[in-house]
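Chemist: This is data-v9.cif, which holds mmCIF, C-alpha atoms:
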data_coords
loop_
_atom_site.label_atom_id
_atom_site.label_comp_id
_atom_site.auth_asym_id
_atom_site.auth_seq_id
_atom_site.Cartn_x
_atom_site.Cartn_y
_atom_site.Cartn_z
CA MET S 1 35.13 -25.67 -60.46
CA PRO S 2 31.43 -25.33 -60.13
CA LYS S 3 30.13 -21.84 -59.90
CA ILE S 4 28.77 -20.82 -56.59
CA LYS S 5 25.28 -19.65 -57.19
CA ILE S 6 24.37 -16.59 -55.30
CA PRO S 7 20.67 -16.77 -54.66
CA LYS S 8 18.92 -13.89 -56.23
CA GLY S 9 15.89 -12.33 -54.73
CA SER S 10 14.94 -10.93 -51.43
CA PRO S 11 16.06 -12.55 -48.20
CA SER S 12 12.54 -12.50 -46.92
CA ILE S 13 11.83 -14.23 -43.67
CA ASP S 14 8.59 -15.82 -42.72
CA MET S 15 7.39 -13.58 -39.97
CA THR S 16 4.20 -15.40 -39.16
CA PRO S 17 5.39 -17.05 -35.93
CA MET S 18 6.87 -13.80 -34.71
CA VAL S 19 3.64 -11.96 -35.41
CA ASP S 20 1.72 -14.70 -33.67
CA LEU S 21 3.84 -14.34 -30.62
CA ALA S 22 3.76 -10.57 -30.66
CA PHE S 23 0.00 -10.47 -30.84
CA LEU S 24 -0.32 -13.11 -28.18
CA LEU S 25 1.75 -10.97 -25.85
CA VAL S 26 -0.14 -7.83 -26.80
CA THR S 27 -3.41 -9.54 -26.00
CA PHE S 28 -2.07 -10.81 -22.70
CA PHE S 29 -0.83 -7.42 -21.57
CA MET S 30 -3.96 -5.70 -22.76
CA LEU S 31 -6.16 -7.98 -20.75
CA SER S 32 -4.03 -8.15 -17.65
CA ALA S 33 -3.14 -4.49 -17.52
CA SER S 34 -4.59 -2.38 -14.80
CA PHE S 35 -3.66 1.15 -15.47
CA ARG S 36 -2.26 3.58 -13.04
CA SER S 37 -5.04 5.98 -12.33
CA ASP S 38 -4.44 9.69 -12.51
CA GLU S 39 -3.29 10.40 -9.01
CA PRO S 40 -2.92 14.01 -7.99
CA VAL S 41 -0.13 13.02 -5.61
CA GLN S 42 2.99 10.95 -5.94
CA VAL S 43 3.89 8.87 -2.94
CA SER S 44 6.82 6.52 -2.53
CA THR S 45 5.83 4.04 0.11
CA PRO S 46 8.37 2.36 2.39
CA SER S 47 9.06 -1.33 1.97
CA SER S 48 8.13 -4.19 4.27
CA ILE S 49 7.83 -7.95 4.27
CA ALA S 50 4.03 -7.75 4.38
CA ASP S 51 2.37 -9.95 1.78
CA LYS S 52 -1.28 -9.14 2.32
CA ILE S 53 -2.82 -7.82 -0.88
CA ILE S 54 -4.76 -4.59 -0.56
CA PRO S 55 -8.41 -5.45 0.15
CA GLU S 56 -11.34 -4.53 -2.12
CA ASN S 57 -13.42 -2.29 0.09
CA VAL S 58 -11.06 0.37 1.37
CA ILE S 59 -11.02 3.85 2.77
CA MET S 60 -7.62 5.21 1.93
CA VAL S 61 -5.93 8.25 3.33
CA THR S 62 -2.76 9.39 1.62
CA ILE S 63 -0.13 11.54 3.27
CA ASP S 64 2.47 13.05 1.01
CA LYS S 65 5.97 14.18 1.83
CA GLY S 66 4.88 17.65 2.82
CA GLY S 67 2.16 16.34 5.12
CA ARG S 68 -0.80 17.07 2.87
CA VAL S 69 -3.70 14.73 3.40
CA PHE S 70 -5.74 13.11 0.64
CA PHE S 71 -8.80 10.92 0.78
CA ASN S 72 -9.90 8.09 -1.46
CA MET S 73 -12.48 5.35 -1.43
CA SER S 74 -12.73 2.36 -3.71
CA ASN S 75 -16.42 1.85 -4.34
CA PRO S 76 -18.17 4.34 -6.73
CA GLU S 77 -21.60 3.73 -5.19
CA ALA S 78 -20.27 4.34 -1.72
CA ARG S 79 -18.52 7.51 -2.91
CA LYS S 80 -21.80 8.92 -4.18
CA GLU S 81 -23.56 8.15 -0.92
CA LEU S 82 -20.66 9.69 0.96
CA LEU S 83 -20.74 12.91 -1.04
CA GLN S 84 -24.49 13.26 -0.54
CA ASN S 85 -24.03 12.94 3.21
CA MET S 86 -21.13 15.39 3.21
CA ALA S 87 -23.15 17.84 1.08
CA GLY S 88 -25.91 17.70 3.68
CA LYS S 89 -23.53 18.25 6.54
CA TYR S 90 -21.68 21.16 4.95
CA LYS S 91 -24.75 22.60 3.20
CA ILE S 92 -23.15 22.55 -0.23
CA GLY S 93 -25.25 21.53 -3.20
CA PHE S 94 -23.96 19.09 -5.79
CA SER S 95 -25.64 18.40 -9.12
CA GLN S 96 -26.43 14.85 -10.21
CA GLU S 97 -23.67 15.18 -12.79
CA GLN S 98 -21.15 16.16 -10.16
CA LEU S 99 -22.19 13.21 -8.00
CA GLU S 100 -21.64 10.84 -10.92
CA LYS S 101 -18.29 12.39 -11.68
CA PHE S 102 -17.19 12.20 -8.07
CA GLY S 103 -18.06 8.50 -8.04
CA PHE S 104 -15.35 7.76 -10.56
CA MET S 105 -12.75 10.22 -9.38
CA SER S 106 -9.59 9.07 -7.66
CA THR S 107 -7.76 10.51 -4.71
CA PHE S 108 -8.52 14.11 -3.86
CA GLY S 109 -7.30 16.55 -1.28
CA CYS S 110 -9.24 19.78 -1.09
CA THR S 111 -11.63 21.47 1.25
CA MET S 112 -15.39 21.02 0.95
CA ARG S 113 -15.67 24.59 -0.32
CA GLU S 114 -13.27 23.91 -3.18
CA LEU S 115 -14.74 20.55 -4.01
CA PRO S 116 -17.48 21.54 -6.52
CA SER S 117 -15.05 23.44 -8.74
CA TYR S 118 -12.48 20.67 -8.30
CA ILE S 119 -14.98 18.10 -9.54
CA ASP S 120 -15.83 20.28 -12.54
CA MET S 121 -12.23 20.35 -13.74
CA PRO S 122 -11.28 18.07 -16.60
CA GLY S 123 -9.38 14.98 -15.50
CA GLN S 124 -5.89 16.05 -16.57
CA GLU S 125 -6.14 19.42 -14.94
CA ARG S 126 -7.34 17.78 -11.74
CA ALA S 127 -4.19 15.67 -11.64
CA ARG S 128 -2.04 18.75 -12.14
CA VAL S 129 -3.66 21.30 -9.87
CA ASN S 130 -2.02 21.79 -6.53
CA THR S 131 -4.50 21.39 -3.70
CA LYS S 132 -3.74 22.03 -0.07
CA GLY S 133 -5.01 18.75 1.30
CA ILE S 134 -7.97 17.98 3.51
CA PRO S 135 -8.02 20.04 6.71
CA LEU S 136 -7.90 18.03 9.91
CA ASP S 137 -7.18 20.47 12.70
CA SER S 138 -9.54 20.50 15.63
CA LEU S 139 -11.38 23.64 14.49
CA ASP S 140 -12.20 22.33 11.06
CA ASN S 141 -11.78 18.59 11.05
CA GLN S 142 -13.14 17.70 7.63
CA LEU S 143 -11.11 14.51 7.42
CA LYS S 144 -13.02 13.14 10.39
CA ASP S 145 -16.31 13.70 8.57
CA TRP S 146 -14.98 12.13 5.38
CA ILE S 147 -13.90 9.06 7.28
CA PHE S 148 -17.04 8.90 9.39
CA TYR S 149 -19.50 9.16 6.50
CA GLY S 150 -17.22 7.15 4.25
CA ASN S 151 -17.25 4.36 6.78
CA ILE S 152 -21.05 4.34 6.89
CA ALA S 153 -21.30 4.30 3.10
CA ALA S 154 -18.66 1.58 2.79
CA LEU S 155 -20.40 -0.54 5.41
CA ASN S 156 -23.65 -0.26 3.44
CA THR S 157 -22.15 -1.20 0.09
CA GLY S 158 -20.14 -3.97 1.75
CA GLN S 159 -23.34 -5.33 3.26
CA THR S 160 -25.06 -5.27 -0.13
CA ALA S 161 -22.14 -7.04 -1.76
CA TYR S 162 -22.20 -9.64 1.01
CA GLN S 163 -25.91 -10.33 0.50
CA GLU S 164 -25.37 -10.62 -3.24
CA ALA S 165 -22.57 -13.10 -2.77
CA LYS S 166 -24.78 -15.04 -0.39
CA LEU S 167 -27.62 -15.17 -2.91
CA LYS S 168 -25.24 -16.62 -5.45
CA GLY S 169 -24.87 -19.59 -3.17
CA GLU S 170 -21.33 -18.85 -2.07
CA SER S 171 -20.40 -18.93 1.56
CA PRO S 172 -18.61 -15.61 1.89
CA ASP S 173 -16.78 -14.38 4.94
CA PRO S 174 -18.59 -11.23 6.13
CA ASN S 175 -15.26 -9.79 7.26
CA ASP S 176 -14.06 -9.65 3.66
CA PHE S 177 -16.79 -7.15 2.85
CA LYS S 178 -16.24 -4.80 5.74
CA PRO S 179 -14.34 -1.63 4.93
CA LYS S 180 -10.64 -1.61 5.69
CA TYR S 181 -8.74 1.52 6.59
CA VAL S 182 -5.60 2.06 4.64
CA LEU S 183 -2.90 4.65 5.12
CA ARG S 184 -0.57 5.41 2.27
CA VAL S 185 2.29 7.42 3.64
CA ASP S 186 5.35 8.73 1.91
CA GLY S 187 8.53 7.34 3.43
CA GLY S 188 9.94 10.83 3.77
CA ALA S 189 6.93 12.27 5.56
CA VAL S 190 7.35 13.12 9.20
CA TYR S 191 5.60 10.58 11.39
CA ALA S 192 3.94 13.33 13.42
CA HIS S 193 1.86 14.19 10.34
CA ALA S 194 0.78 10.59 10.01
CA GLN S 195 0.05 10.52 13.71
CA ASN S 196 -2.47 13.34 13.32
CA VAL S 197 -4.34 11.26 10.76
CA ILE S 198 -4.05 8.13 12.87
CA ASN S 199 -5.51 10.01 15.80
CA VAL S 200 -8.51 10.95 13.68
CA PHE S 201 -9.07 7.25 12.98
CA ARG S 202 -8.63 6.42 16.64
CA ASP S 203 -11.08 9.11 17.68
CA LEU S 204 -13.63 7.26 15.56
CA GLN S 205 -12.67 3.97 17.25
CA LEU S 206 -11.14 2.65 14.06
CA ASN S 207 -7.99 1.15 15.48
CA ASN S 208 -7.11 -1.48 12.93
CA LEU S 209 -5.11 0.35 10.30
CA ASN S 210 -3.16 -0.87 7.29
CA PHE S 211 -0.07 0.72 5.82
CA VAL S 212 0.58 0.43 2.11
CA THR S 213 4.09 -0.84 1.53
CA THR S 214 6.14 -2.16 -1.33
CA THR S 215 7.26 -5.72 -0.95
CA GLU S 216 10.71 -6.78 0.04
CA LEU S 217 11.93 -10.30 0.65
CA ALA S 218 11.74 -11.64 4.18
CA PRO S 219 15.11 -12.52 5.69
CA GLN S 220 15.72 -16.19 6.16
CA MET K 1 -1.40 -5.28 -51.59
CA ALA K 2 0.24 -8.61 -51.80
CA ASP K 3 3.97 -8.62 -51.99
CA MET K 4 5.07 -5.10 -52.25
CA GLY K 5 8.39 -4.43 -53.80
CA GLU K 6 10.76 -7.30 -53.73
CA GLY K 7 10.53 -9.57 -56.72
CA GLY K 8 8.93 -12.91 -56.19
CA GLY K 9 5.87 -12.88 -58.37
CA GLY K 10 6.14 -12.25 -62.07
CA GLY K 11 4.26 -9.02 -62.26
CA ASP K 12 4.22 -6.63 -65.12
CA HIS K 13 7.46 -7.80 -66.64
CA GLY K 14 5.90 -10.15 -69.12
CA LYS K 15 5.06 -7.96 -72.06
CA GLY K 16 3.42 -10.35 -74.41
CA LYS K 17 0.35 -12.27 -73.55
CA LYS K 18 -1.89 -11.23 -70.80
CA ARG K 19 -1.52 -13.91 -68.29
CA ALA K 20 -3.38 -14.36 -65.11
CA LYS K 21 -1.19 -12.91 -62.44
CA LYS K 22 0.75 -15.55 -60.71
CA SER K 23 1.61 -13.48 -57.76
CA SER K 24 2.37 -15.11 -54.48
CA THR K 25 -0.06 -14.76 -51.63
CA ARG K 26 2.62 -13.59 -49.28
CA VAL K 27 1.91 -10.47 -47.36
CA ASP K 28 4.63 -8.22 -46.20
CA MET K 29 4.17 -8.32 -42.47
CA THR K 30 6.77 -5.77 -41.46
CA PRO K 31 4.34 -2.89 -40.75
CA MET K 32 2.11 -5.22 -38.81
CA VAL K 33 5.01 -6.48 -36.75
CA ASP K 34 6.09 -2.91 -36.14
CA LEU K 35 2.67 -2.08 -34.85
CA ALA K 36 2.41 -5.22 -32.78
CA PHE K 37 5.68 -4.57 -31.04
CA LEU K 38 4.82 -0.94 -30.53
CA LEU K 39 1.64 -1.96 -28.76
CA LEU K 40 3.51 -4.62 -26.86
CA THR K 41 6.06 -2.13 -25.57
CA PHE K 42 3.32 0.28 -24.64
CA PHE K 43 1.42 -2.26 -22.59
CA VAL K 44 4.52 -3.67 -20.96
CA LEU K 45 5.58 -0.23 -19.83
CA THR K 46 2.22 1.06 -18.68
CA SER K 47 0.74 -1.95 -16.96
CA THR K 48 1.25 -2.28 -13.26
CA PHE K 49 1.36 -5.86 -12.23
CA SER K 50 1.52 -6.26 -8.57
CA LYS K 51 -1.22 -4.82 -6.48
CA PRO K 52 0.19 -2.93 -3.55
CA LYS K 53 0.57 -4.84 -0.32
CA VAL K 54 -0.58 -3.70 3.06
CA MET K 55 0.82 -4.20 6.53
CA SER K 56 -1.79 -4.15 9.24
CA LEU K 57 -1.20 -2.59 12.61
CA VAL K 58 -3.70 -2.46 15.45
CA TYR K 59 -3.47 0.69 17.49
CA PRO K 60 -4.46 0.65 21.14
CA ALA K 61 -7.96 1.96 21.70
CA LYS K 62 -8.11 5.48 23.01
CA VAL K 63 -9.01 5.64 26.66
CA ASP K 64 -9.57 8.67 28.77
CA ASP K 65 -6.37 9.74 30.46
CA LEU K 66 -5.47 7.61 33.42
CA PRO K 67 -4.76 9.51 36.60
CA PRO K 68 -1.02 9.65 37.30
CA GLY K 69 0.34 6.78 39.30
CA GLU K 70 -2.20 4.39 37.85
CA ARG K 71 -0.29 3.68 34.68
CA PRO K 72 -0.19 -0.04 34.13
CA LYS K 73 3.09 -1.66 35.14
CA ILE K 74 5.03 -2.84 32.16
CA ASN K 75 6.82 -6.12 32.33
CA ASN K 76 8.91 -7.74 29.68
CA ALA K 77 8.74 -4.82 27.35
CA ILE K 78 11.04 -2.76 25.20
CA THR K 79 10.30 0.85 24.44
CA PHE K 80 11.74 2.23 21.25
CA LEU K 81 12.28 5.92 20.80
CA LEU K 82 12.55 7.07 17.23
CA SER K 83 14.16 10.18 15.93
CA GLU K 84 15.20 10.98 12.39
CA ASP K 85 17.12 7.91 11.20
CA GLU K 86 18.11 7.14 14.76
CA ILE K 87 16.69 4.59 17.11
CA PHE K 88 17.06 4.28 20.87
CA TYR K 89 15.52 1.90 23.33
CA TYR K 90 15.22 1.04 26.98
CA VAL K 91 13.96 -2.11 28.64
CA ASP K 92 10.95 -2.39 30.93
CA GLN K 93 9.87 0.44 33.18
CA TYR K 94 10.80 4.06 32.60
CA TYR K 95 12.30 6.04 35.46
CA SER K 96 12.60 9.76 35.00
CA LYS K 97 15.33 11.82 36.62
CA ALA K 98 12.83 13.23 39.07
CA ASN K 99 11.66 9.79 40.03
CA PRO K 100 14.62 7.38 39.72
CA GLY K 101 14.19 3.64 40.08
CA PRO K 102 16.45 1.15 41.88
CA ASN K 103 19.19 1.60 39.26
CA GLY K 104 18.83 5.32 38.90
CA PRO K 105 17.07 7.08 36.03
CA THR K 106 16.61 5.27 32.74
CA LYS K 107 19.42 5.55 30.23
CA LEU K 108 18.76 5.28 26.54
CA LEU K 109 20.67 2.74 24.52
CA LYS K 110 21.41 3.33 20.88
CA THR K 111 20.89 0.76 18.17
CA ASP K 112 20.41 0.76 14.40
CA PHE K 113 18.35 -0.83 11.66
CA GLY K 114 21.09 -3.22 10.53
CA PRO K 115 20.81 -6.98 11.01
CA LYS K 116 23.00 -6.73 14.11
CA GLY K 117 20.96 -3.92 15.61
CA VAL K 118 17.24 -4.05 16.14
CA ARG K 119 16.78 -7.44 14.56
CA LYS K 120 19.20 -9.18 16.89
CA LEU K 121 17.89 -7.31 19.88
CA LEU K 122 14.34 -8.38 19.14
CA ALA K 123 15.27 -11.94 18.28
CA ASP K 124 17.03 -12.28 21.64
CA GLY K 125 14.25 -10.58 23.56
CA ASN K 126 11.50 -12.53 21.92
CA SER K 127 13.26 -15.91 21.88
CA TYR K 128 10.37 -17.48 23.79
CA VAL K 129 7.94 -16.86 20.94
CA LEU K 130 10.44 -17.56 18.17
CA GLU K 131 11.41 -20.91 19.67
CA GLY K 132 7.78 -21.77 20.26
CA LYS K 133 7.03 -20.92 16.66
CA GLU K 134 9.80 -23.23 15.43
CA LYS K 135 8.30 -26.09 17.42
CA LEU K 136 4.83 -25.39 16.10
CA LYS K 137 6.15 -25.18 12.58
CA GLU K 138 7.87 -28.53 12.93
CA LYS K 139 4.57 -30.05 13.99
CA LEU K 140 2.85 -28.37 11.08
CA ASP K 141 5.38 -29.77 8.63
CA LYS K 142 4.86 -33.25 10.04
CA LYS K 143 1.12 -32.75 9.59
CA GLN K 144 0.43 -33.12 13.28
CA LEU K 145 -1.33 -29.77 13.24
CA ALA K 146 -3.94 -28.27 10.97
CA ASP K 147 -3.27 -24.89 9.41
CA THR K 148 -5.98 -23.18 11.39
CA THR K 149 -4.86 -24.60 14.72
CA TYR K 150 -1.31 -23.56 13.89
CA LEU K 151 -2.41 -19.98 13.32
CA SER K 152 -4.54 -19.81 16.43
CA MET K 153 -1.79 -21.35 18.56
CA LEU K 154 0.73 -18.92 17.11
CA SER K 155 -1.41 -15.91 17.92
CA LYS K 156 -1.97 -17.27 21.44
CA LEU K 157 1.77 -17.71 21.81
CA LYS K 158 2.35 -14.12 20.75
CA GLN K 159 -0.03 -12.88 23.44
CA ASN K 160 1.66 -14.97 26.13
CA LYS K 161 2.95 -13.29 29.27
CA LEU K 162 6.51 -14.26 28.43
CA ALA K 163 6.32 -12.79 24.94
CA LEU K 164 8.05 -9.50 24.40
CA LYS K 165 5.91 -6.40 24.17
CA VAL K 166 6.98 -3.31 22.33
CA LEU K 167 6.10 0.32 22.79
CA ILE K 168 7.01 2.86 20.15
CA LYS K 169 7.44 6.52 20.82
CA THR K 170 8.43 9.05 18.23
CA ASP K 171 9.65 12.60 18.34
CA ASP K 172 8.61 15.21 15.82
CA LYS K 173 11.52 14.49 13.50
CA ALA K 174 11.06 10.76 12.95
CA THR K 175 9.91 9.92 9.42
CA CYS K 176 7.28 7.44 8.36
CA LYS K 177 10.01 5.33 6.82
CA ASN K 178 11.71 4.98 10.20
CA PHE K 179 8.42 4.03 11.78
CA ILE K 180 7.44 1.47 9.16
CA ASP K 181 10.94 -0.01 9.11
CA LEU K 182 10.63 -0.58 12.84
CA ILE K 183 7.16 -2.11 12.55
CA ASP K 184 8.57 -4.33 9.83
CA GLU K 185 11.33 -5.53 12.15
CA LEU K 186 8.73 -6.21 14.84
CA LYS K 187 6.70 -8.29 12.43
CA ILE K 188 9.79 -10.25 11.47
CA ALA K 189 10.43 -10.91 15.16
CA GLU K 190 6.81 -12.06 15.65
CA ILE K 191 6.03 -9.44 18.27
CA GLY K 192 2.36 -9.75 19.18
CA VAL K 193 1.79 -6.59 21.18
CA ILE K 194 2.88 -3.42 19.43
CA ALA K 195 1.76 -0.16 20.93
CA PRO K 196 2.63 3.18 19.32
CA VAL K 197 2.08 5.61 22.17
CA ASP K 198 2.65 9.28 22.86
CA ILE K 199 6.05 10.29 24.10
CA LEU K 200 6.42 11.73 27.61
CA GLY K 201 7.99 15.14 28.05
CA SER K 202 10.94 13.83 30.05
CA GLU K 203 11.55 11.09 27.50
CA LEU K 204 11.61 13.66 24.75
CA GLU K 205 14.29 15.59 26.61
CA LEU K 206 16.29 12.44 27.13
CA LEU K 207 15.99 11.63 23.44
CA LYS K 208 17.15 15.10 22.51
CA GLU K 209 20.19 14.76 24.76
CA ASN K 210 21.19 11.52 23.06
CA SER K 211 20.29 12.43 19.52
CA LYS K 212 23.00 13.90 17.34
CA ASN K 213 20.71 15.98 15.15
CA LYS K 214 19.42 18.48 17.60
#
Let me see the structure of the file written as structure tokens.
Modeler:
Amino acid sequence: MPKIKIPKGSPSIDMTPMVDLAFLLVTFFMLSASFRSDEPVQVSTPSSIADKIIPENVIMVTIDKGGRVFFNMSNPEARKELLQNMAGKYKIGFSQEQLEKFGFMSTFGCTMRELPSYIDMPGQERARVNTKGIPLDSLDNQLKDWIFYGNIAALNTGQTAYQEAKLKGESPDPNDFKPKYVLRVDGGAVYAHAQNVINVFRDLQLNNLNFVTTTELAPQ
Amino acid sequence: MADMGEGGGGGDHGKGKKRAKKSSTRVDMTPMVDLAFLLLTFFVLTSTFSKPKVMSLVYPAKVDDLPPGERPKINNAITFLLSEDEIFYYVDQYYSKANPGPNGPTKLLKTDFGPKGVRKLLADGNSYVLEGKEKLKEKLDKKQLADTTYLSMLSKLKQNKLALKVLIKTDDKATCKNFIDLIDELKIAEIGVIAPVDILGSELELLKENSKNK
């Protein structure tokens, strides 16, 4: 009977293909990832069959479950212009540094008076601090001013982007560069709260609104 | 660095002559793999893939209040009244108790968000548009129509006099989820004219009478 030879030595496996694959995937996810930005408010949006992807140039108003109102705008340049206009209107001074910082901030929901100290907070604290939302009652309708000046700023930057695209020799659709008005409402929020915000938009003759929704499959 | 630990190359065991090391060029990749998979997991978990989608809704332009009695007559319309997780509707014109129509004051009918509720109701009411859309789609599939003409004809069809129009009124308890679910159903049923409007006082009372959560 021949002896069965038990192979001595380590059962080492050639891991090269696995490493190749792992790094390929890492690279893919790294490049394709778009990170969740630090939002000061968590909102679970209702679902719908809508399949239109959120446009580039947006003015977004968020309404959370408790009815607090938050404002956001996509374009950093437009945000700076907006804050300068708002500073003029409310007679509040902002330093150049604060303007820059505001340009790259995300959603916020505080009054104009609180805004300078809110901007000065470090990013993590800003996401944690509990703000009361932007006031929109008829006595102190700050949301209306945010939307009004935001719209002007977004129109300007949209126009610039359109001209740039035109210079590149593309034939862009001017409508793609106009600001779109997006509402991000929490499913549990009372519609009356959303209606107050919608009425602010309608007062400014901005009637074409978009609701952020999560996708569900259309019934066949 | 090369080949840590496990045998393989004849390292320091040979005591006699000093030989050039004949170690293998294999690298132990385990730590690297560990790291790679750690990063992989991190990116998989943190990245958000799909951009959020939006559903557009055109609100009616605000006009100064019409004097009473001059409200536009509504034909071929359904009015939905939303309360918290409840949905009621009536067809065509509203008649209050003080001002009853030919069939007496308007009664609210209850429905729900299931496939046999609102969806069926709308599909029946808007059959003119849905059938028209089927015909257009058939033509599109047979390449008798261009994409752009299909879309323009579809939007024209939705604005047709025979197409169903929908008004939405909400009380102060209805949630945004209820509202968006309803809009979603309207989009599925290809309703062209959707008008979220303010609720009348008498309608609110009627809704309260019918609603179970008072």
Chemist: Would you please work out which residue, of S:Asp14, S:Asp137, S:Glu77, S:Asp145, is nearest to chain K when using only C-alpha atoms?
Modeler: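 Selected residue with least distance to chain K: S:Asp14.
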Chemist: Smallest atom-to-atom distance to chain S: which of K:Tyr94, K:Phe113, K:Phe42, K:Tyr59, using all atoms listed in the file?
Modeler: K:Tyr59
Chemist: What's around stretch 152-158 of chain S at 12 Å? Count only C-alpha atoms, leave out sequence neighbours fewer than 5 positions away in its own chain, and write the answer as a VMD selection string.
Modeler: chain S and resid 55 to 60 72 to 86 145 to 147 163 to 165 172 to 181 204
Chemist: Return the single residue from S:Leu209, S:Ile13, S:Val197, S:Val129 that is closest to chain K, with distances computed using only C-alpha atoms.
Modeler: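 Distance minimum relative to chain K lands on S:Leu209.
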Chemist: Go through the shown structure with the PyMOL selection byres ((chain K) within 8 of (chain S)) and write out the matching residues as a ChimeraX atom specification.
Modeler: /K:6-8,29-30,32-33,36-37,39-40,43-44,46-49,51-62,170-181,184,188
Chemist: Take atom CA of S:Phe102 and atom CA of S:Ile119 and report the distance between them in Å, one decimal.
Modeler: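 Taking atom CA of S:Phe102 as the start and atom CA of S:Ile119 as the end point, the length is 6.5 Å.
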Chemist: Find the residue from S:Ile134, S:Glu170, S:Gln98, S:Glu216 that sits nearest to S:Asp120; use all atoms listed in the file when measuring.
Modeler: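 Of S:Ile134, S:Glu170, S:Gln98, S:Glu216, the one nearest S:Asp120, counting all atoms listed in the file, is S:Gln98.
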Chemist: Quick one: residues within 12 Å of stretch 141-156 of chain K, all atoms listed in the file, excluding same-chain residues fewer than 6 positions away - as a ChimeraX atom specification?
Modeler: /K:128-135,162-163,190-193
Chemist: Could you tell me which of K:Lys107, K:Leu38, K:Asp85, K:Asp124 comes closest to K:Glu209 if we count all atoms listed in the file?
Modeler: K:Lys107
Chemist: Atom CA of K:Leu200 to atom CA of K:Lys169: how many Å, to one decimal?
Modeler: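 It comes out at 8.6 Å.
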Chemist: Give me, please, the distance in Å between atom CA of K:Ala195 and atom CA of K:Leu82, quoted to one decimal.
Modeler: 13.5 Å
Chemist: Apply the PyMOL selection byres ((chain S and resi 122-126) around 10) to the displayed file and report the matching residues as a ChimeraX atom specification.
Modeler: /S:38-40,105-106,108,118-121,127-131
Chemist: Convert the current residue selection to file output with C-alpha atoms, as a tab-separated table (two decimals), keeping the file's coordinate frame.
Modeler:
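Below is the file that was written, selection-v7.tsv:
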chain	number	residue	atom	x	y	z
S	38	ASP	CA	-4.44	9.69	-12.51
S	39	GLU	CA	-3.29	10.40	-9.01
S	40	PRO	CA	-2.92	14.01	-7.99
S	105	MET	CA	-12.75	10.22	-9.38
S	106	SER	CA	-9.59	9.07	-7.66
S	108	PHE	CA	-8.52	14.11	-3.86
S	118	TYR	CA	-12.48	20.67	-8.30
S	119	ILE	CA	-14.98	18.10	-9.54
S	120	ASP	CA	-15.83	20.28	-12.54
S	121	MET	CA	-12.23	20.35	-13.74
S	127	ALA	CA	-4.19	15.67	-11.64
S	128	ARG	CA	-2.04	18.75	-12.14
S	129	VAL	CA	-3.66	21.30	-9.87
S	130	ASN	CA	-2.02	21.79	-6.53
S	131	THR	CA	-4.50	21.39	-3.70
Chemist: I need the residue set behind the PyMOL selection byres ((chain S and resi 93) around 12) for this file; please write it as a CSV table (one decimal) with C-alpha atoms, in the frame of the given file.
Modeler:
chain,number,residue,atom,x,y,z
S,83,LEU,CA,-20.7,12.9,-1.0
S,84,GLN,CA,-24.5,13.3,-0.5
S,85,ASN,CA,-24.0,12.9,3.2
S,86,MET,CA,-21.1,15.4,3.2
S,87,ALA,CA,-23.2,17.8,1.1
S,88,GLY,CA,-25.9,17.7,3.7
S,89,LYS,CA,-23.5,18.2,6.5
S,90,TYR,CA,-21.7,21.2,5.0
S,91,LYS,CA,-24.8,22.6,3.2
S,92,ILE,CA,-23.2,22.6,-0.2
S,94,PHE,CA,-24.0,19.1,-5.8
S,95,SER,CA,-25.6,18.4,-9.1
S,96,GLN,CA,-26.4,14.8,-10.2
S,97,GLU,CA,-23.7,15.2,-12.8
S,98,GLN,CA,-21.2,16.2,-10.2
S,99,LEU,CA,-22.2,13.2,-8.0
S,112,MET,CA,-15.4,21.0,1.0
S,113,ARG,CA,-15.7,24.6,-0.3
S,115,LEU,CA,-14.7,20.6,-4.0
S,116,PRO,CA,-17.5,21.5,-6.5
S,117,SER,CA,-15.0,23.4,-8.7
